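Trainee: Input file: query-v6.csv. Contents: CSV, C-alpha atoms.
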chain,number,residue,atom,x,y,z
A,252,MET,CA,47.6,143.7,42.4
A,253,ALA,CA,44.6,145.5,43.9
A,254,LEU,CA,42.6,144.9,40.7
A,255,GLU,CA,40.3,141.9,40.8
A,256,PHE,CA,40.6,139.6,37.7
A,257,ARG,CA,37.2,138.8,36.2
A,258,ASN,CA,38.0,138.2,32.6
A,259,TRP,CA,37.3,134.4,32.5
A,260,PHE,CA,37.6,132.3,29.4
A,261,ALA,CA,39.4,135.2,27.7
A,262,GLU,CA,41.4,134.6,24.5
A,263,PRO,CA,45.0,135.8,24.4
A,264,PRO,CA,45.8,138.4,21.8
A,265,GLN,CA,47.0,137.2,18.4
A,266,TYR,CA,50.2,138.7,17.0
A,267,ASP,CA,51.7,138.4,13.5
A,268,THR,CA,54.6,139.9,11.6
A,269,ASP,CA,52.7,143.0,10.8
A,270,HIS,CA,51.5,143.5,14.4
A,271,PRO,CA,54.3,142.0,16.6
A,272,PRO,CA,54.0,142.0,20.4
A,273,PRO,CA,55.7,144.7,22.4
A,274,SER,CA,59.2,143.9,23.5
A,275,LEU,CA,59.7,143.5,27.3
A,276,ASP,CA,62.5,145.5,28.9
A,277,ALA,CA,64.4,144.6,32.0
A,278,ASN,CA,62.4,146.9,34.2
A,279,THR,CA,59.1,145.3,33.2
A,280,ARG,CA,60.5,141.8,33.7
A,281,ALA,CA,61.8,142.8,37.2
A,282,LEU,CA,58.4,144.2,38.1
A,283,VAL,CA,56.6,141.1,37.0
A,284,LEU,CA,58.9,138.8,38.9
A,285,GLU,CA,58.8,141.0,42.0
A,286,ASN,CA,55.0,141.0,42.0
A,287,ILE,CA,54.9,137.2,41.6
A,288,GLU,CA,56.7,137.0,44.9
A,289,HIS,CA,54.2,139.4,46.5
A,290,ALA,CA,51.3,137.3,45.0
A,291,ILE,CA,52.7,134.1,46.5
A,292,GLN,CA,53.3,135.7,49.9
A,293,GLN,CA,49.8,137.2,50.0
A,294,PHE,CA,47.6,134.5,48.5
A,295,TYR,CA,49.4,131.1,48.3
A,296,LEU,CA,47.4,128.5,50.3
A,297,ASP,CA,50.3,127.3,52.4
A,298,PRO,CA,52.5,130.1,53.8
A,299,ARG,CA,55.4,127.8,54.7
A,300,THR,CA,55.5,126.2,51.3
A,301,GLY,CA,55.0,129.6,49.7
A,302,ALA,CA,58.1,130.9,51.5
A,303,ARG,CA,60.1,127.9,50.1
A,304,LEU,CA,58.8,128.6,46.6
A,305,ILE,CA,59.9,132.2,46.8
A,306,ARG,CA,63.4,131.2,47.9
A,307,GLU,CA,63.7,128.7,45.1
A,308,LEU,CA,62.3,131.1,42.5
A,309,ARG,CA,64.8,133.8,43.6
A,310,GLN,CA,67.6,131.3,43.2
A,311,HIS,CA,66.3,130.4,39.7
A,312,ILE,CA,66.0,134.1,38.8
A,313,SER,CA,69.6,134.7,40.0
A,314,THR,CA,70.9,132.3,37.3
A,315,GLY,CA,69.6,134.6,34.6
A,316,ALA,CA,66.8,132.2,33.6
A,317,TYR,CA,64.6,135.1,32.4
A,318,ALA,CA,67.2,137.7,31.6
A,319,ASP,CA,67.0,137.3,27.8
A,320,ILE,CA,63.3,136.8,27.4
A,321,THR,CA,61.8,139.8,25.7
A,322,ASP,CA,58.5,138.2,24.5
A,323,GLY,CA,55.7,138.4,27.0
A,324,LYS,CA,54.0,135.1,26.0
A,325,ALA,CA,57.4,133.3,26.3
A,326,LEU,CA,58.0,134.8,29.7
A,327,ALA,CA,54.6,133.8,30.9
A,328,ALA,CA,55.1,130.2,29.6
A,329,ALA,CA,58.5,130.0,31.3
A,330,ILE,CA,57.1,131.3,34.6
A,331,THR,CA,54.2,128.8,34.5
A,332,SER,CA,56.5,125.9,33.8
A,333,ASP,CA,58.9,126.8,36.6
A,334,LEU,CA,56.2,127.4,39.2
A,335,GLN,CA,54.4,124.2,38.4
A,336,ARG,CA,57.7,122.3,38.5
A,337,LEU,CA,58.7,123.9,41.9
A,338,SER,CA,55.3,123.5,43.5
A,339,GLY,CA,53.8,120.4,41.8
A,340,ASP,CA,50.6,122.4,41.4
A,341,ARG,CA,49.1,122.7,37.9
A,342,HIS,CA,46.9,125.6,38.9
A,343,PHE,CA,49.9,127.9,39.0
A,344,ARG,CA,49.6,129.7,35.6
A,345,CYS,CA,50.9,133.0,34.3
A,346,LEU,CA,49.0,134.6,31.4
A,347,TYR,CA,50.1,137.4,29.1
A,348,GLY,CA,48.1,140.0,27.3
A,349,ILE,CA,44.7,139.5,29.0
A,350,LYS,CA,43.0,142.4,30.7
A,351,PRO,CA,41.5,141.8,34.2
A,352,ASP,CA,38.1,143.5,33.6
A,353,GLU,CA,34.9,141.5,33.4
A,354,PRO,CA,33.8,141.2,29.7
A,355,SER,CA,30.8,143.2,28.6
A,356,SER,CA,27.5,141.5,28.2
A,357,GLU,CA,28.1,141.4,24.5
A,358,GLU,CA,31.5,139.8,24.9
A,359,GLN,CA,30.1,137.3,27.4
A,360,SER,CA,27.4,136.3,24.9
A,361,ARG,CA,30.0,135.9,22.1
A,362,ARG,CA,32.2,133.6,24.3
A,363,LEU,CA,29.2,131.6,25.5
A,364,GLN,CA,28.1,131.1,21.9
A,365,LYS,CA,31.6,130.0,20.9
A,366,LEU,CA,31.9,127.7,23.9
A,367,ASN,CA,28.3,126.5,23.6
A,368,SER,CA,28.1,127.4,27.3
A,369,GLY,CA,30.7,124.7,28.0
A,370,PHE,CA,28.8,121.8,26.5
A,371,GLY,CA,29.9,119.5,23.7
A,372,GLU,CA,27.9,117.0,21.8
A,373,VAL,CA,24.6,115.5,23.1
A,374,GLU,CA,23.6,112.0,21.9
A,375,LEU,CA,20.8,109.6,22.6
A,376,LEU,CA,21.9,106.0,22.2
A,377,ASP,CA,19.9,102.8,21.8
A,378,GLY,CA,18.4,101.8,25.2
A,379,ASN,CA,17.4,105.4,26.1
A,380,ILE,CA,21.0,106.1,27.2
A,381,ALA,CA,22.1,109.7,26.9
A,382,VAL,CA,25.7,110.9,26.4
A,383,LEU,CA,26.6,114.5,27.3
A,384,GLU,CA,30.0,116.0,26.8
A,385,ILE,CA,31.0,118.8,29.1
A,386,ARG,CA,34.1,120.6,28.1
A,387,GLY,CA,34.2,123.4,30.7
A,388,PHE,CA,32.2,125.2,33.4
A,389,VAL,CA,31.6,128.8,32.4
A,390,PRO,CA,30.9,131.4,35.1
A,391,VAL,CA,27.5,130.8,36.5
A,392,HIS,CA,26.7,134.5,37.0
A,393,TRP,CA,27.0,135.3,33.3
A,394,GLU,CA,23.7,136.1,31.7
A,395,GLY,CA,21.9,133.1,30.4
A,396,VAL,CA,24.2,130.4,31.9
A,397,ARG,CA,21.8,129.1,34.5
A,398,SER,CA,18.9,128.8,32.0
A,399,LYS,CA,21.1,127.1,29.4
A,400,ILE,CA,22.3,124.5,32.0
A,401,ASP,CA,18.7,124.0,33.2
A,402,GLN,CA,17.5,123.5,29.6
A,403,ILE,CA,20.2,120.8,28.9
A,404,MET,CA,20.3,119.0,32.2
A,405,SER,CA,16.5,118.9,32.7
A,406,SER,CA,16.1,117.3,29.3
A,407,PHE,CA,17.7,114.1,30.7
A,408,ALA,CA,15.1,113.5,33.4
A,409,ALA,CA,13.4,110.8,31.3
A,410,VAL,CA,16.4,108.9,30.1
A,411,ASP,CA,17.3,105.5,31.7
A,412,ALA,CA,21.0,106.2,32.1
A,413,LEU,CA,23.3,109.2,31.7
A,414,ILE,CA,26.9,109.2,30.5
A,415,LEU,CA,28.9,112.4,31.2
A,416,ASP,CA,31.9,112.7,29.0
A,417,LEU,CA,34.5,114.8,30.8
A,418,ARG,CA,37.6,113.5,28.9
A,419,ARG,CA,38.3,117.0,27.4
A,420,ASN,CA,37.0,119.0,30.3
A,421,ARG,CA,39.3,121.9,31.3
A,422,GLY,CA,37.5,123.1,34.4
A,423,GLY,CA,36.1,126.4,35.2
A,424,ASP,CA,33.7,127.9,37.8
A,425,PRO,CA,33.3,125.6,40.9
A,426,LYS,CA,29.8,127.1,41.4
A,427,THR,CA,28.8,125.9,38.0
A,428,VAL,CA,30.2,122.4,38.8
A,429,ALA,CA,27.9,122.4,41.9
A,430,LEU,CA,24.9,123.5,39.8
A,431,VAL,CA,25.4,120.7,37.3
A,432,ALA,CA,25.7,118.2,40.1
A,433,SER,CA,22.4,119.4,41.5
A,434,TYR,CA,20.5,117.8,38.7
A,435,LEU,CA,21.8,114.3,39.7
A,436,LEU,CA,21.3,114.5,43.4
A,437,ASP,CA,18.2,114.4,45.7
A,438,GLY,CA,18.3,117.8,47.2
A,439,PRO,CA,20.4,120.8,48.3
A,440,SER,CA,23.5,120.0,50.2
A,441,VAL,CA,27.1,121.2,50.6
A,442,TRP,CA,28.9,120.0,47.5
A,443,LEU,CA,32.5,121.1,48.4
A,444,ARG,CA,34.3,123.0,51.1
A,445,MET,CA,37.1,125.3,50.1
A,446,VAL,CA,39.7,126.0,52.9
A,447,LYS,CA,41.5,129.3,52.9
A,448,PRO,CA,45.0,130.0,54.1
A,449,ASP,CA,43.6,131.3,57.4
A,450,GLY,CA,41.6,128.2,58.0
A,451,SER,CA,38.2,129.7,57.2
A,452,VAL,CA,35.9,127.8,54.9
A,453,GLU,CA,33.8,128.7,51.9
A,454,ASP,CA,31.1,126.3,51.0
A,455,PHE,CA,29.8,125.5,47.5
A,456,ALA,CA,26.3,124.1,47.6
A,457,THR,CA,24.0,122.3,45.2
A,458,ASP,CA,21.0,124.3,44.2
A,459,LEU,CA,18.2,124.1,41.7
A,460,PRO,CA,15.5,126.4,40.4
A,461,GLY,CA,12.1,125.3,41.7
A,462,LYS,CA,10.7,123.9,38.5
A,463,SER,CA,13.9,122.1,37.3
A,464,LYS,CA,13.8,118.3,36.7
A,465,ARG,CA,16.3,116.0,38.3
A,466,LEU,CA,17.6,112.6,37.0
A,467,GLY,CA,16.1,110.2,39.5
A,468,ARG,CA,18.5,108.6,42.0
A,469,ASP,CA,17.4,105.2,40.7
A,470,LYS,CA,18.9,105.9,37.3
A,471,PRO,CA,22.6,105.2,36.8
A,472,VAL,CA,25.2,107.9,36.0
A,473,TYR,CA,28.6,107.1,34.3
A,474,ILE,CA,31.5,109.5,34.0
A,475,LEU,CA,34.2,109.2,31.3
A,476,THR,CA,37.6,110.6,32.3
A,477,SER,CA,41.1,110.9,30.8
A,478,SER,CA,44.5,112.1,31.9
A,479,GLU,CA,43.5,115.5,30.4
A,480,THR,CA,40.4,115.9,32.6
A,481,ILE,CA,41.4,118.7,35.0
A,482,SER,CA,40.2,120.9,37.8
A,483,GLY,CA,36.4,121.4,37.6
A,484,GLY,CA,36.1,118.2,35.6
A,485,GLU,CA,37.9,116.3,38.3
A,486,ASP,CA,35.7,118.0,40.9
A,487,LEU,CA,32.5,116.6,39.3
A,488,ALA,CA,33.9,113.1,38.8
A,489,TYR,CA,35.5,112.9,42.3
A,490,GLY,CA,32.4,114.3,44.0
A,491,LEU,CA,29.8,112.1,42.3
A,492,GLN,CA,32.0,109.1,42.9
A,493,ALA,CA,32.4,109.9,46.6
A,494,LEU,CA,28.7,110.2,46.9
A,495,LYS,CA,28.3,106.9,45.2
A,496,ARG,CA,26.1,108.6,42.6
A,497,ALA,CA,28.3,107.8,39.6
A,498,THR,CA,30.7,105.1,38.2
A,499,VAL,CA,33.9,106.6,36.8
A,500,ILE,CA,35.4,104.9,33.8
A,501,GLY,CA,38.5,105.7,31.8
A,502,GLU,CA,41.9,107.1,33.0
A,503,LYS,CA,43.2,108.7,36.1
A,504,THR,CA,42.7,112.5,35.9
A,505,ALA,CA,45.3,115.2,36.0
A,506,GLY,CA,45.3,115.9,39.8
A,507,ALA,CA,44.7,119.6,40.0
A,508,ALA,CA,42.4,120.4,42.9
A,509,ASN,CA,43.4,123.7,44.5
A,510,LEU,CA,41.4,126.8,43.6
A,511,PRO,CA,43.5,129.7,42.3
A,512,HIS,CA,43.3,133.4,43.0
A,513,ALA,CA,44.0,135.5,39.9
A,514,CYS,CA,46.5,138.2,40.7
A,515,VAL,CA,47.0,141.1,38.4
A,516,LEU,CA,50.8,141.6,38.2
A,517,ASN,CA,50.7,144.6,35.8
A,518,ASP,CA,48.6,145.7,32.8
A,519,LEU,CA,49.9,142.7,30.8
A,520,PHE,CA,50.5,139.8,33.1
A,521,VAL,CA,48.2,137.8,35.4
A,522,LEU,CA,49.3,135.1,37.8
A,523,PHE,CA,46.9,132.3,39.0
A,524,THR,CA,48.1,131.4,42.5
A,525,PRO,CA,46.7,128.4,44.3
A,526,HIS,CA,44.7,129.9,47.1
A,527,MET,CA,42.2,127.5,48.6
A,528,TYR,CA,42.2,123.7,48.8
A,529,PRO,CA,39.0,121.6,48.6
A,530,SER,CA,37.8,119.3,51.4
A,531,HIS,CA,35.0,117.0,50.2
A,532,PRO,CA,32.3,116.5,52.8
A,533,VAL,CA,32.4,112.7,52.4
A,534,THR,CA,36.1,111.9,52.1
A,535,GLY,CA,37.6,114.9,53.9
A,536,GLY,CA,40.2,114.9,51.1
A,537,ASN,CA,40.5,115.9,47.5
A,538,TRP,CA,42.2,114.9,44.2
A,539,GLU,CA,45.3,117.2,44.3
A,540,GLY,CA,48.3,115.3,43.0
A,541,GLU,CA,46.5,112.0,42.8
A,542,GLY,CA,43.6,112.7,40.4
A,543,ALA,CA,40.2,111.1,40.4
A,544,ILE,CA,40.8,107.3,40.3
A,545,PRO,CA,38.4,105.5,37.9
A,546,ASP,CA,36.3,102.6,39.2
A,547,ILE,CA,37.0,100.9,35.9
A,548,VAL,CA,40.2,101.6,33.9
A,549,ALA,CA,39.6,101.5,30.2
A,550,GLU,CA,41.0,103.0,27.1
A,551,ASP,CA,37.8,102.5,25.0
A,552,ALA,CA,35.8,104.2,27.8
A,553,LEU,CA,32.7,105.0,25.8
A,554,ASP,CA,32.3,101.5,24.5
A,555,THR,CA,32.9,100.0,27.9
A,556,VAL,CA,30.4,102.3,29.7
A,557,TYR,CA,27.7,101.8,27.0
A,558,ASN,CA,28.0,98.0,27.2
A,559,LEU,CA,27.8,98.3,31.0
A,560,ALA,CA,24.8,100.7,30.9
A,561,ARG,CA,22.8,98.4,28.6
A,562,LYS,CA,23.1,95.6,31.1
A,563,ILE,CA,21.4,97.6,33.9
What would you get if you wrote out this structure as structure tokens?
Mentor:
Amino acid sequence: MALEFRNWFAEPPQYDTDHPPPSLDANTRALVLENIEHAIQQFYLDPRTGARLIRELRQHISTGAYADITDGKALAAAITSDLQRLSGDRHFRCLYGIKPDEPSSEEQSRRLQKLNSGFGEVELLDGNIAVLEIRGFVPVHWEGVRSKIDQIMSSFAAVDALILDLRRNRGGDPKTVALVASYLLDGPSVWLRMVKPDGSVEDFATDLPGKSKRLGRDKPVYILTSSETISGGEDLAYGLQALKRATVIGEKTAGAANLPHACVLNDLFVLFTPHMYPSHPVTGGNWEGEGAIPDIVAEDALDTVYNLARKI
């Protein structure tokens, strides 16, 4: 587990009848499960709860729950389901078949192109109201990400209102979340504090390139959410709501706040272990287990927010 996982937004391998996945033997399963215990012991955000999780996982293993699983993808899915059930934390995830190394520049470029750097559709509605869908927050250090975000976010400086559609947002890099938020705030500040198991704190701050254009504080921002909005999407919604910079409309979000550490279990398995919990500078809390609570609950969120924005 000494290797650092840096292969973000990787796609799991595709197998078929001509190229089936390798079959897992008992020794491989045992090694994976043993290393999961080590990962929880070493990295889980709450040592006391981590000890309980290990006891309960051992008990579950003793029932033979994984003994007959020879497919790596099935084992990873079973481990994910069990750890999420035992902990209540949706950031526990086990992945199979993804190498830990950071992708090459060429591969980063391919993924960014496929993901459109995390952005979905952009639409300008009547009344000079812009709608921007954000589906994920790609790693901010990848080549071209900052300039792409600046190009898109700066383009909204002249609109009268901005609607951020996070209903299909699956999260990503918290530094990218802070960067996107920067275009909607007055100046640099601590966006979010992450608390480590030893009590030390890592700050994520808002930050903009010198010539970037912000959306004026006098212009309203609306955020659309759903029950599928998770992790970084919740971070953006919760933070802008707490700062009274945005009105959140839609459904309560998934409730996954804790930042995971990616632990390499062996050359085939990676475990995402919740490692740090966020503390918002305004609320002192976060959205773990509760989600970001909308200011206005609505099923037809886009119609609701558009009608609201037109009245401003």
Trainee: Which residue is closest to A:Pro529? Choose from A:Leu296, A:Val446, A:Val441, A:Ile414 and count only C-alpha atoms.
Mentor: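 Closest to A:Pro529 of all the choices is A:Val446.
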Trainee: Just how far from atom CA of A:Glu541 is atom CA of A:Thr427, in Å to one decimal?
Mentor: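 One can read the atom CA of A:Thr427 to atom CA of A:Glu541 distance as 23.0 Å.
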Trainee: Between atom CA of A:Gly461 and atom CA of A:Arg361, what is the distance, to one decimal in Å?
Mentor: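 So the two atoms, atom CA of A:Gly461 and atom CA of A:Arg361, lie 28.6 Å apart.
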Trainee: Please write as a list in words the list of polymer residues whose atoms come within 7 Å of (39.1, 103.5, 32.0), counting only C-alpha atoms and keeping to the coordinates of the file.
Mentor: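 Within 7 Å of (39.1, 103.5, 32.0), the protein and nucleic acid residues are Ile500, Gly501, Glu502, Pro545, Ile547, Val548, Ala549, Glu550 and Ala552 of chain A.
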Trainee: Quick one, how far is atom CA of A:Pro439 from atom CA of A:Leu475?
Mentor: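 Going from atom CA of A:Pro439 over to atom CA of A:Leu475, I get 24.8 Å.
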Trainee: Measuring atom to atom with all atoms listed in the file, identify which of A:Phe388, A:Ala277, A:Leu363, A:Phe520 is nearest to A:Ile330.
Mentor: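 Residue with the minimum atom-to-atom distance to A:Ile330: A:Phe520.
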Trainee: Please provide as a list in words all residues within 10 Å of A:Arg418, with the sequence filter that same-chain residues fewer than 4 positions apart are discarded (counting all atoms listed in the file).
Mentor: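 So, after excluding close chain neighbours, the residues are Glu384, Ile385, Arg386, Ile474, Leu475, Thr476, Ser477, Ser478, Glu479, Thr480, Ile481, Gly484, Glu485, Gly501, Glu502, Thr504 and Ala552 of chain A.
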Trainee: Write out as a list of chain:residue names each polymer residue whose atoms come within 8 Å of stretch 304-309 of chain A, counting only C-alpha atoms; drop sequence neighbours fewer than 5 positions from it.
Mentor: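 Counting only C-alpha atoms, the residues come to A:Glu288, A:Ile291, A:Leu334, A:Leu337, A:Ser338.
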Trainee: Using only C-alpha atoms, find the one residue out of A:Ala261, A:Gly450, A:Arg444, A:Ser356 that sits nearest to A:Gly535.
Mentor: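 Closest residue, counting only C-alpha atoms: A:Arg444.
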Trainee: Give me the residues near A:Ile400 as an NGL selection string, where near means some atom within 9 Å (using only C-alpha atoms) and where sequence neighbours in that chain fewer than 4 positions away do not count.
Mentor: :A and (368 or 370 or 395-396 or 404-405 or 427 or 430-431)
Trainee: Counting only C-alpha atoms, which residue out of A:Gln335, A:Thr300, A:Asn558, A:Asn420 sits closest to A:Gly540?
Mentor: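 Ranking A:Gln335, A:Thr300, A:Asn558, A:Asn420 by distance to A:Gly540, first place goes to A:Gln335.
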Trainee: Of the candidates A:Ala505, A:Ala543, A:Val533, A:Leu519, which shows the shortest atom-to-atom distance to A:Leu346, using only C-alpha atoms?
Mentor: A:Leu519
Trainee: Which residue gives the smallest distance to A:Leu494 among A:Val452, A:Leu443, A:Val515, A:Leu510, with all atoms listed in the file counted?
Mentor: A:Leu443
Trainee: Extract, using all atoms listed in the file, all DNA, RNA and protein residues at most 12 Å from A:Val472, discarding same-chain residues fewer than 4 positions from it, and format them as a ChimeraX atom specification.
Mentor: /A:380-383,407-408,410-416,432,434-436,466-468,487-488,491-492,494-500,556-557,559-560,563
Trainee: Could you check which residues have any atom within 8 Å of (46.0, 123.1, 48.1), counting all atoms listed in the file with coordinates taken straight from the file, and then list them as JSON, numbers by chain?
Mentor: {"A": [296, 297, 508, 509, 510, 525, 526, 527, 528, 529, 539]}
